[in-house]
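K.L.:
Dropping in upload-v1.cif, with mmCIF, C-alpha atoms.
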data_protein
loop_
_atom_site.label_atom_id
_atom_site.label_comp_id
_atom_site.auth_asym_id
_atom_site.auth_seq_id
_atom_site.Cartn_x
_atom_site.Cartn_y
_atom_site.Cartn_z
CA MET A 55 4.64 -87.50 -10.36
CA ASN A 56 2.99 -90.71 -11.42
CA ILE A 57 -0.64 -89.72 -10.99
CA PRO A 58 -2.46 -89.46 -14.34
CA VAL A 59 -3.87 -86.05 -15.16
CA GLU A 60 -7.36 -87.51 -15.48
CA TYR A 61 -7.47 -88.26 -11.75
CA PHE A 62 -7.04 -84.58 -10.93
CA LEU A 63 -9.67 -83.64 -13.49
CA VAL A 64 -12.14 -86.16 -12.05
CA LEU A 65 -11.51 -84.68 -8.60
CA SER A 66 -12.14 -81.15 -9.79
CA THR A 67 -15.23 -82.23 -11.77
CA LEU A 68 -16.73 -83.84 -8.69
CA LEU A 69 -15.94 -80.78 -6.58
CA PHE A 70 -17.47 -78.51 -9.23
CA PHE A 71 -20.74 -80.41 -9.30
CA ILE A 72 -20.86 -80.67 -5.51
CA GLY A 73 -20.79 -76.89 -5.67
CA VAL A 74 -23.54 -76.84 -8.32
CA PHE A 75 -25.67 -79.12 -6.16
CA GLY A 76 -25.22 -76.81 -3.20
CA PHE A 77 -26.01 -73.80 -5.35
CA ILE A 78 -29.35 -75.33 -6.32
CA VAL A 79 -30.26 -76.78 -2.92
CA ARG A 80 -29.21 -74.05 -0.49
CA LYS A 81 -31.76 -71.47 0.54
CA ASN A 82 -29.83 -68.82 2.40
CA LEU A 83 -27.48 -66.43 0.67
CA ILE A 84 -24.37 -67.33 2.66
CA GLY A 85 -24.78 -71.02 1.82
CA ILE A 86 -25.09 -70.14 -1.86
CA LEU A 87 -21.93 -68.04 -1.63
CA MET A 88 -20.08 -71.00 -0.08
CA SER A 89 -21.15 -73.20 -2.98
CA VAL A 90 -19.81 -70.59 -5.40
CA GLU A 91 -16.49 -70.75 -3.55
CA LEU A 92 -16.40 -74.52 -4.08
CA ILE A 93 -17.05 -74.04 -7.80
CA LEU A 94 -14.30 -71.42 -8.13
CA ASN A 95 -11.84 -73.67 -6.33
CA ALA A 96 -12.63 -76.58 -8.64
CA VAL A 97 -11.92 -74.38 -11.65
CA ASN A 98 -8.71 -73.23 -10.03
CA ILE A 99 -7.52 -76.82 -9.56
CA ASN A 100 -8.09 -77.31 -13.28
CA PHE A 101 -5.98 -74.28 -14.20
CA VAL A 102 -3.08 -75.36 -12.01
CA VAL A 103 -3.19 -79.00 -13.08
CA PHE A 104 -3.25 -78.12 -16.78
CA ASN A 105 -0.28 -75.87 -16.24
CA ARG A 106 1.65 -78.55 -14.35
CA PHE A 107 0.97 -81.46 -16.67
CA LEU A 108 0.54 -79.95 -20.09
CA PHE A 109 2.74 -76.83 -20.16
CA PRO A 110 5.21 -77.17 -17.29
CA ASP A 111 7.69 -74.69 -18.74
CA LYS A 112 5.18 -71.84 -18.90
CA LEU A 113 3.36 -70.13 -16.07
CA GLU A 114 0.00 -69.25 -17.62
CA GLY A 115 -2.31 -71.49 -15.62
CA TYR A 116 -0.42 -70.54 -12.49
CA ILE A 117 -0.95 -66.82 -13.04
CA TYR A 118 -4.58 -67.36 -14.00
CA GLY A 119 -5.04 -69.29 -10.77
CA LEU A 120 -3.63 -66.38 -8.82
CA PHE A 121 -5.98 -63.94 -10.53
CA VAL A 122 -8.97 -66.22 -9.93
CA ILE A 123 -8.12 -66.24 -6.22
CA VAL A 124 -7.85 -62.43 -6.18
CA VAL A 125 -11.15 -61.91 -8.00
CA ALA A 126 -12.91 -64.50 -5.82
CA ALA A 127 -11.71 -62.75 -2.68
CA ALA A 128 -12.98 -59.40 -3.93
CA GLU A 129 -16.31 -60.91 -4.99
CA THR A 130 -16.81 -62.58 -1.63
CA ALA A 131 -16.06 -59.40 0.29
CA VAL A 132 -18.57 -57.37 -1.72
CA ALA A 133 -21.18 -60.13 -1.62
CA ILE A 134 -20.94 -60.45 2.16
CA ALA A 135 -21.28 -56.67 2.51
CA ILE A 136 -24.44 -56.81 0.38
CA ILE A 137 -25.79 -59.79 2.34
CA ILE A 138 -25.30 -58.02 5.66
CA ASN A 139 -27.01 -54.95 4.24
CA VAL A 140 -29.94 -57.03 3.02
CA TYR A 141 -30.19 -58.68 6.42
CA ARG A 142 -30.18 -55.31 8.12
CA SER A 143 -33.11 -54.01 6.09
CA MET A 144 -35.20 -57.20 5.79
CA LYS A 145 -34.16 -59.28 8.83
CA ASN A 146 -33.60 -62.45 6.87
CA ILE A 147 -31.43 -63.74 4.03
CA ASP A 148 -33.66 -66.48 2.67
CA VAL A 149 -33.75 -66.29 -1.12
CA ASN A 150 -37.40 -67.34 -1.24
CA THR A 151 -38.60 -64.43 0.85
CA ILE A 152 -36.41 -61.66 -0.55
CA LYS A 153 -38.54 -60.32 -3.34
CA GLU A 154 -37.97 -56.61 -3.36
CA LEU A 155 -34.84 -54.58 -3.82
CA LYS A 156 -36.08 -51.54 -1.95
CA ASN A 157 -38.40 -51.42 1.01
CA MET B 262 1.02 -95.89 -11.59
CA GLU B 263 1.37 -98.21 -8.65
CA LEU B 264 -1.34 -97.94 -6.05
CA PHE B 265 0.70 -97.73 -2.87
CA SER B 266 3.45 -95.30 -3.67
CA ALA B 267 3.76 -92.27 -1.42
CA ASN B 268 2.50 -89.98 -4.19
CA SER B 269 -0.73 -91.86 -4.75
CA ILE B 270 -1.42 -92.27 -1.04
CA ILE B 271 -1.05 -88.51 -0.52
CA PHE B 272 -3.18 -87.75 -3.57
CA PHE B 273 -6.01 -90.06 -2.56
CA LEU B 274 -5.91 -88.78 1.01
CA LEU B 275 -6.24 -85.18 -0.19
CA ALA B 276 -8.95 -86.11 -2.70
CA THR B 277 -10.93 -87.92 -0.01
CA ILE B 278 -10.69 -84.95 2.34
CA ILE B 279 -11.77 -82.55 -0.42
CA LEU B 280 -14.76 -84.61 -1.54
CA VAL B 281 -16.02 -85.67 1.89
CA PHE B 282 -15.84 -82.21 3.39
CA GLY B 283 -17.23 -80.69 0.19
CA VAL B 284 -20.29 -82.92 0.46
CA ILE B 285 -20.62 -82.09 4.16
CA SER B 286 -20.38 -78.39 3.46
CA VAL B 287 -23.26 -78.39 0.97
CA THR B 288 -25.55 -80.85 2.76
CA THR B 289 -25.26 -79.99 6.44
CA THR B 290 -28.13 -78.05 7.95
CA LYS B 291 -25.98 -76.05 10.36
CA ILE B 292 -24.39 -73.20 8.46
CA LEU B 293 -21.46 -72.78 10.85
CA ARG B 294 -20.56 -76.42 10.36
CA ALA B 295 -20.70 -75.82 6.61
CA ALA B 296 -18.20 -72.98 7.01
CA THR B 297 -15.85 -75.27 8.94
CA SER B 298 -16.08 -77.94 6.24
CA LEU B 299 -15.37 -75.30 3.61
CA PHE B 300 -12.24 -74.42 5.57
CA PHE B 301 -11.05 -78.04 5.44
CA VAL B 302 -11.76 -78.22 1.70
CA LEU B 303 -9.73 -75.07 1.04
CA PHE B 304 -6.92 -76.36 3.25
CA ALA B 305 -6.78 -79.66 1.36
CA ILE B 306 -6.75 -77.80 -1.96
CA ALA B 307 -3.72 -75.85 -0.73
CA GLY B 308 -2.18 -79.24 0.04
CA LEU B 309 -2.93 -80.30 -3.52
CA TYR B 310 -1.06 -77.27 -4.86
CA LEU B 311 1.89 -78.14 -2.63
CA PHE B 312 1.68 -81.70 -3.93
CA LEU B 313 2.04 -80.31 -7.45
CA SER B 314 5.03 -78.36 -6.03
CA TYR B 315 3.57 -74.94 -6.68
CA ASP B 316 4.54 -73.31 -3.41
CA PHE B 317 3.48 -69.73 -3.95
CA ILE B 318 -0.06 -70.45 -5.07
CA ALA B 319 -0.48 -72.80 -2.10
CA ALA B 320 0.61 -69.99 0.22
CA VAL B 321 -1.80 -67.59 -1.49
CA GLN B 322 -4.59 -70.14 -1.19
CA LEU B 323 -3.90 -70.57 2.52
CA SER B 324 -3.63 -66.89 3.32
CA VAL B 325 -6.45 -65.56 1.12
CA TYR B 326 -8.97 -68.38 1.24
CA ALA B 327 -8.36 -70.31 4.44
CA GLY B 328 -7.21 -67.24 6.35
CA GLY B 329 -9.36 -64.49 4.92
CA ILE B 330 -12.51 -65.67 3.25
CA VAL B 331 -13.46 -68.32 5.81
CA VAL B 332 -13.05 -65.80 8.63
CA LEU B 333 -15.24 -63.41 6.63
CA PHE B 334 -17.87 -66.15 6.26
CA VAL B 335 -17.79 -66.93 9.97
CA PHE B 336 -18.19 -63.26 10.85
CA ALA B 337 -21.10 -62.91 8.44
CA ILE B 338 -22.78 -66.00 9.89
CA LEU B 339 -22.37 -64.69 13.41
CA LEU B 340 -23.62 -61.22 12.45
CA VAL B 341 -26.75 -62.62 10.86
CA LYS B 342 -28.90 -63.56 13.81
CA ASN B 343 -30.09 -67.11 14.57
CA LEU B 344 -28.63 -68.53 11.40
CA GLY B 345 -26.14 -70.58 13.41
CA GLU B 346 -28.59 -72.70 15.33
CA GLU B 347 -31.56 -72.73 13.02
CA THR B 348 -31.79 -75.67 10.68
CA GLU B 349 -32.97 -74.95 7.19
CA LYS B 350 -35.30 -77.45 5.67
CA VAL B 351 -34.74 -78.42 2.06
CA SER B 352 -37.63 -79.85 0.11
CA CYS B 353 -37.14 -83.30 -1.34
CA GLN B 354 -38.06 -82.11 -4.79
CA LYS B 355 -35.31 -79.49 -4.75
CA LYS B 356 -32.77 -82.09 -3.64
CA LEU B 357 -33.90 -84.32 -6.50
CA VAL B 358 -33.55 -81.52 -9.06
CA GLY B 359 -30.10 -80.59 -7.75
CA GLY B 360 -28.97 -84.21 -7.65
CA ILE B 361 -30.14 -84.87 -11.19
CA ALA B 362 -28.48 -81.71 -12.51
CA ALA B 363 -25.21 -82.48 -10.74
CA ALA B 364 -25.20 -86.14 -11.79
CA ALA B 365 -25.90 -85.28 -15.42
CA GLY B 366 -23.11 -82.72 -15.40
CA VAL B 367 -20.68 -85.19 -13.81
CA ILE B 368 -21.49 -87.85 -16.39
CA VAL B 369 -21.07 -85.50 -19.36
CA SER B 370 -17.81 -84.10 -17.97
CA LEU B 371 -16.35 -87.51 -17.18
CA ILE B 372 -17.13 -88.80 -20.66
CA THR B 373 -15.45 -85.73 -22.13
CA ILE B 374 -12.39 -86.07 -19.89
CA PHE B 375 -11.79 -89.73 -20.66
CA LYS B 376 -12.49 -89.42 -24.38
CA TYR B 377 -10.32 -86.36 -24.93
CA GLY B 378 -6.85 -87.90 -24.54
CA PHE B 379 -4.59 -85.26 -23.06
CA ILE B 380 -1.11 -84.93 -24.49
CA ILE B 381 1.05 -84.95 -21.42
CA ASN B 382 4.24 -82.97 -21.70
CA GLU B 383 6.98 -85.49 -21.06
CA SER B 384 9.16 -82.98 -19.27
CA ALA B 385 6.47 -82.70 -16.60
CA ASP B 386 8.30 -85.31 -14.55
CA ALA B 387 11.65 -83.66 -14.98
CA ILE B 388 10.44 -80.26 -13.83
CA ALA B 389 8.88 -81.51 -10.64
CA GLU B 390 10.73 -78.86 -8.71
CA THR B 391 9.18 -75.71 -7.35
CA VAL B 392 8.80 -72.63 -9.52
CA LYS B 393 11.26 -70.03 -8.38
CA MET B 394 9.75 -66.97 -6.73
CA GLN B 395 11.85 -64.80 -9.01
CA THR B 396 10.22 -66.37 -12.06
CA VAL B 397 6.75 -65.76 -10.66
CA GLY B 398 7.60 -62.14 -9.90
CA GLU B 399 9.08 -61.53 -13.33
CA THR B 400 6.03 -63.12 -14.96
CA LEU B 401 3.69 -60.94 -12.94
CA MET B 402 5.64 -57.74 -13.46
CA GLY B 403 6.93 -58.02 -17.02
CA VAL B 404 5.47 -56.49 -20.15
CA ASP B 405 6.74 -59.03 -22.70
CA GLN B 406 4.77 -61.87 -24.20
CA TYR B 407 3.53 -64.31 -21.52
CA GLN B 408 4.04 -61.68 -18.85
CA TYR B 409 1.18 -60.16 -16.98
CA LEU B 410 1.68 -56.61 -15.77
CA LEU B 411 -1.60 -55.32 -17.20
CA PRO B 412 -3.88 -57.89 -15.50
CA PHE B 413 -1.93 -57.30 -12.30
CA GLU B 414 -2.64 -53.59 -12.39
CA ALA B 415 -6.24 -54.20 -13.41
CA SER B 416 -6.69 -56.48 -10.40
CA SER B 417 -5.25 -53.80 -8.14
CA ILE B 418 -7.87 -51.35 -9.44
CA LEU B 419 -10.52 -54.04 -8.96
CA LEU B 420 -9.44 -54.50 -5.34
CA LEU B 421 -9.57 -50.74 -4.74
CA ALA B 422 -13.07 -50.58 -6.23
CA CYS B 423 -14.14 -53.50 -4.07
CA ILE B 424 -12.82 -51.89 -0.89
CA ILE B 425 -14.68 -48.65 -1.64
CA GLY B 426 -17.79 -50.50 -2.77
CA SER B 427 -18.03 -52.76 0.26
CA VAL B 428 -17.48 -49.86 2.64
CA VAL B 429 -20.20 -47.86 0.90
CA VAL B 430 -22.61 -50.80 0.81
CA ALA B 431 -22.05 -51.88 4.40
CA GLN B 432 -22.16 -48.48 6.07
CA LYS B 433 -25.36 -47.45 7.78
CA ASN B 434 -27.63 -44.74 6.48
CA LYS B 435 -27.58 -41.40 8.20
CA GLU B 436 -31.15 -41.81 9.42
CA GLU B 437 -30.33 -45.18 10.97
CA LYS B 438 -27.45 -43.74 12.92
CA ARG B 439 -29.60 -41.32 14.87
#
Can I see the file as structure tokens?
P.N.:
Amino acid sequence: MNIPVEYFLVLSTLLFFIGVFGFIVRKNLIGILMSVELILNAVNINFVVFNRFLFPDKLEGYIYGLFVIVVAAAETAVAIAIIINVYRSMKNIDVNTIKELKN
Amino acid sequence: MELFSANSIIFFLLATIILVFGVISVTTTKILRAATSLFFVLFAIAGLYLFLSYDFIAAVQLSVYAGGIVVLFVFAILLVKNLGEETEKVSCQKKLVGGIAAAAGVIVSLITIFKYGFIINESADAIAETVKMQTVGETLMGVDQYQYLLPFEASSILLLACIIGSVVVAQKNKEEKR
């Protein structure tokens, strides 16, 4: 392994802020959720890389990465259920036009 | 590091895939194409975990993200009508705000990364072999220090709550059914 740790961190930083850009720019809820997935994955790369390069004899970053994946999967499932419900009652999922919680 | 060793070629290939498809997935106007790009990004990240020789987390990434979440996204896109073909217009001002925010964040983070000076564990090269599955299992299931049974059980309760919650949220009302 002759890649410096900074290269991985630069990669995950760029991926994180690509996700932030998408989070700001996107207008429909599913696009925003995809950007959140990009952000979570960037953080996950950081966990795993810190574990590999800085503490290779422990497994903390590894286990944290696993838990991040689990929580992200749960969050996405619930969020998509909510989005489909919102679509069913309001017929669109544009964040600019959704202004009421109950119709 | 030399530039043309196998390691660096693989790393730069994976990094290029991740960044290019990440940019495509946030800038494309067709949402189904964005989902496909997201799939490639997640796939390349699994490759990155394999590159770091963490097999199990790469398998989890493939099966949970690339196999589960992307399929969920595609189903949601197809269930929500005329999202697939309709292009969404983004105002130039919003793009500018997002670009400035992202660029400022990148600059601050890069300065921090390169100024920090990470202390690399020298045995990182020596232990470039895969973590044994037995070690992962014992770490997940043990109750000693640096073992994680309690978060494991908490995440199982979280998953149960999410299953119940998403079923309750997504089911139709009784009036709608009639």
K.L.:
Select, from A:Val140, A:Val79, A:Val97, A:Val90, the residue with the minimum atom-to-atom distance to Thr67 in chain A, counting all atoms listed in the file.
P.N.:
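Closest to Thr67 in chain A, using all atoms listed in the file: A:Val97.
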K.L.:
Taking only C-alpha atoms into account, name the residue in A:Pro110, A:Thr130, A:Ile57, A:Ser143 that is nearest to Ser89 in chain A.
P.N.:
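Looking at the shortest contact to Ser89 in chain A, the residue is A:Thr130.
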K.L.:
Taking the file as I've supplied it (selection: the PyMOL selection byres ((chain A and resi 104) around 10)), which residues are included? Please answer as a list in words.
P.N.:
Val59, Phe62, Leu63, Asn98, Ile99, Asn100, Phe101, Val102, Val103, Asn105, Arg106, Phe107, Leu108, Phe109, Pro110, Glu114, Gly115 and Tyr116 of chain A; Phe379 and Ile381 of chain B
K.L.:
Quick one: pull the distance between CA of Ala431 in chain B and CA of Ile136 in chain A, Å, one decimal.
P.N.:
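Separating CA of Ala431 in chain B from CA of Ile136 in chain A is a distance of 6.8 Å.
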K.L.:
Determine, counting only C-alpha atoms, which protein, DNA and RNA residues have an atom within 12 Å of an atom of range 396-400 of chain B; residues of the same chain fewer than 6 positions away are not included. Present the result as a list in words.
P.N.:
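Residues near the query, excluding close chain neighbours: Asp111, Lys112, Leu113, Glu114, Gly115, Tyr116, Ile117, Tyr118 and Leu120 of chain A; Tyr315, Asp316, Phe317, Ile318, Gln406, Tyr407, Gln408, Tyr409, Leu410, Leu411, Pro412 and Phe413 of chain B.
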K.L.:
With all atoms listed in the file as the atoms that count, which of B:Ile372, B:Arg294, B:Asn268, B:Phe304 lies nearest to chain A?
P.N.:
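Residue with the minimum atom-to-atom distance to chain A: B:Asn268.
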K.L.:
Point out the residue among B:Thr289, B:Ser417, B:Thr277, B:Gln354 with the least atom-to-atom distance to Phe301 in chain B, counting only C-alpha atoms.
P.N.:
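Ranked by minimum distance to Phe301 in chain B, first place goes to B:Thr277.
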K.L.:
Expressed in Å to a single decimal, how great is the separation between CA of Phe70 in chain A and CA of Leu94 in chain A?
P.N.:
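Distance reported for this atom pair: 7.8 Å.
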K.L.:
To verify the selection step, state as a PyMOL selection string which residues the PyMOL selection byres ((chain A and resi 95) around 12) yields on this input.
P.N.:
(chain A and resi 65-73+88-94+96-102+119-120+122-127) or (chain B and resi 279+283+299-300+302-307+309-310+322+326-327)
K.L.:
Write the residues of the selection above to a file with C-alpha atoms, as a tab-separated table (two decimals), in the coordinates of the input.
P.N.:
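To be explicit, this is the file written out as out.tsv:
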chain	number	residue	atom	x	y	z
A	65	LEU	CA	-11.51	-84.68	-8.60
A	66	SER	CA	-12.14	-81.15	-9.79
A	67	THR	CA	-15.23	-82.23	-11.77
A	68	LEU	CA	-16.73	-83.84	-8.69
A	69	LEU	CA	-15.94	-80.78	-6.58
A	70	PHE	CA	-17.47	-78.51	-9.23
A	71	PHE	CA	-20.74	-80.41	-9.30
A	72	ILE	CA	-20.86	-80.67	-5.51
A	73	GLY	CA	-20.79	-76.89	-5.67
A	88	MET	CA	-20.08	-71.00	-0.08
A	89	SER	CA	-21.15	-73.20	-2.98
A	90	VAL	CA	-19.81	-70.59	-5.40
A	91	GLU	CA	-16.49	-70.75	-3.55
A	92	LEU	CA	-16.40	-74.52	-4.08
A	93	ILE	CA	-17.05	-74.04	-7.80
A	94	LEU	CA	-14.30	-71.42	-8.13
A	96	ALA	CA	-12.63	-76.58	-8.64
A	97	VAL	CA	-11.92	-74.38	-11.65
A	98	ASN	CA	-8.71	-73.23	-10.03
A	99	ILE	CA	-7.52	-76.82	-9.56
A	100	ASN	CA	-8.09	-77.31	-13.28
A	101	PHE	CA	-5.98	-74.28	-14.20
A	102	VAL	CA	-3.08	-75.36	-12.01
A	119	GLY	CA	-5.04	-69.29	-10.77
A	120	LEU	CA	-3.63	-66.38	-8.82
A	122	VAL	CA	-8.97	-66.22	-9.93
A	123	ILE	CA	-8.12	-66.24	-6.22
A	124	VAL	CA	-7.85	-62.43	-6.18
A	125	VAL	CA	-11.15	-61.91	-8.00
A	126	ALA	CA	-12.91	-64.50	-5.82
A	127	ALA	CA	-11.71	-62.75	-2.68
B	279	ILE	CA	-11.77	-82.55	-0.42
B	283	GLY	CA	-17.23	-80.69	0.19
B	299	LEU	CA	-15.37	-75.30	3.61
B	300	PHE	CA	-12.24	-74.42	5.57
B	302	VAL	CA	-11.76	-78.22	1.70
B	303	LEU	CA	-9.73	-75.07	1.04
B	304	PHE	CA	-6.92	-76.36	3.25
B	305	ALA	CA	-6.78	-79.66	1.36
B	306	ILE	CA	-6.75	-77.80	-1.96
B	307	ALA	CA	-3.72	-75.85	-0.73
B	309	LEU	CA	-2.93	-80.30	-3.52
B	310	TYR	CA	-1.06	-77.27	-4.86
B	322	GLN	CA	-4.59	-70.14	-1.19
B	326	TYR	CA	-8.97	-68.38	1.24
B	327	ALA	CA	-8.36	-70.31	4.44
K.L.:
Give me the residues within 10 Å of Ile152 in chain A as a CSV table (one decimal) with C-alpha atoms, in the frame of the given file, counting only C-alpha atoms and dropping any in the same chain fewer than 5 places off.
P.N.:
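Generated output (result00.csv):
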chain,number,residue,atom,x,y,z
A,140,VAL,CA,-29.9,-57.0,3.0
A,141,TYR,CA,-30.2,-58.7,6.4
A,144,MET,CA,-35.2,-57.2,5.8
A,145,LYS,CA,-34.2,-59.3,8.8
A,146,ASN,CA,-33.6,-62.4,6.9
A,147,ILE,CA,-31.4,-63.7,4.0
K.L.:
Edge lengths and centre, in Å to one decimal, as AutoDock Vina command-line options: that's what I need for the box along x, y and z that holds all listed atoms of range 72-81 of chain A plus 4 Å on each side.
P.N.:
--center_x -26.3 --center_y -76.1 --center_z -3.9 --size_x 19.0 --size_y 17.2 --size_z 16.9
K.L.:
In Å to one decimal, how far is CA of Val132 in chain A from CA of Ser427 in chain B?
P.N.:
5.0 Å
K.L.:
At a cut-off of 10 Å from (-15.4, -58.1, 3.2) in the coordinates of the file, what residues are picked up using all atoms listed in the file, written as a compact mmCIF listing (two decimals) with C-alpha atoms, in the coordinates of the input?
P.N.:
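Output file point.txt follows:
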# COMPACT_ATOMS: atom_id res chain seq x y z
CA ALA A 127 -11.71 -62.75 -2.68
CA ALA A 128 -12.98 -59.40 -3.93
CA GLU A 129 -16.31 -60.91 -4.99
CA THR A 130 -16.81 -62.58 -1.63
CA ALA A 131 -16.06 -59.40 0.29
CA VAL A 132 -18.57 -57.37 -1.72
CA ALA A 133 -21.18 -60.13 -1.62
CA ILE A 134 -20.94 -60.45 2.16
CA ALA A 135 -21.28 -56.67 2.51
CA ILE A 136 -24.44 -56.81 0.38
CA GLY B 329 -9.36 -64.49 4.92
CA ILE B 330 -12.51 -65.67 3.25
CA VAL B 332 -13.05 -65.80 8.63
CA LEU B 333 -15.24 -63.41 6.63
CA PHE B 334 -17.87 -66.15 6.26
CA PHE B 336 -18.19 -63.26 10.85
CA ALA B 337 -21.10 -62.91 8.44
CA CYS B 423 -14.14 -53.50 -4.07
CA ILE B 424 -12.82 -51.89 -0.89
CA GLY B 426 -17.79 -50.50 -2.77
CA SER B 427 -18.03 -52.76 0.26
CA VAL B 428 -17.48 -49.86 2.64
CA ALA B 431 -22.05 -51.88 4.40
K.L.:
Nearest to Val287 in chain B among B:Leu371, B:Ile270, B:Val351, B:Leu421, with distances taken over all atoms listed in the file: which residue is it?
P.N.:
B:Val351
K.L.:
For chain B, which residue among A:Tyr61, A:Gly76, A:Leu83, A:Ile137 is the nearest when counting all atoms listed in the file?
P.N.:
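Of A:Tyr61, A:Gly76, A:Leu83, A:Ile137, the one nearest chain B, counting all atoms listed in the file, is A:Gly76.
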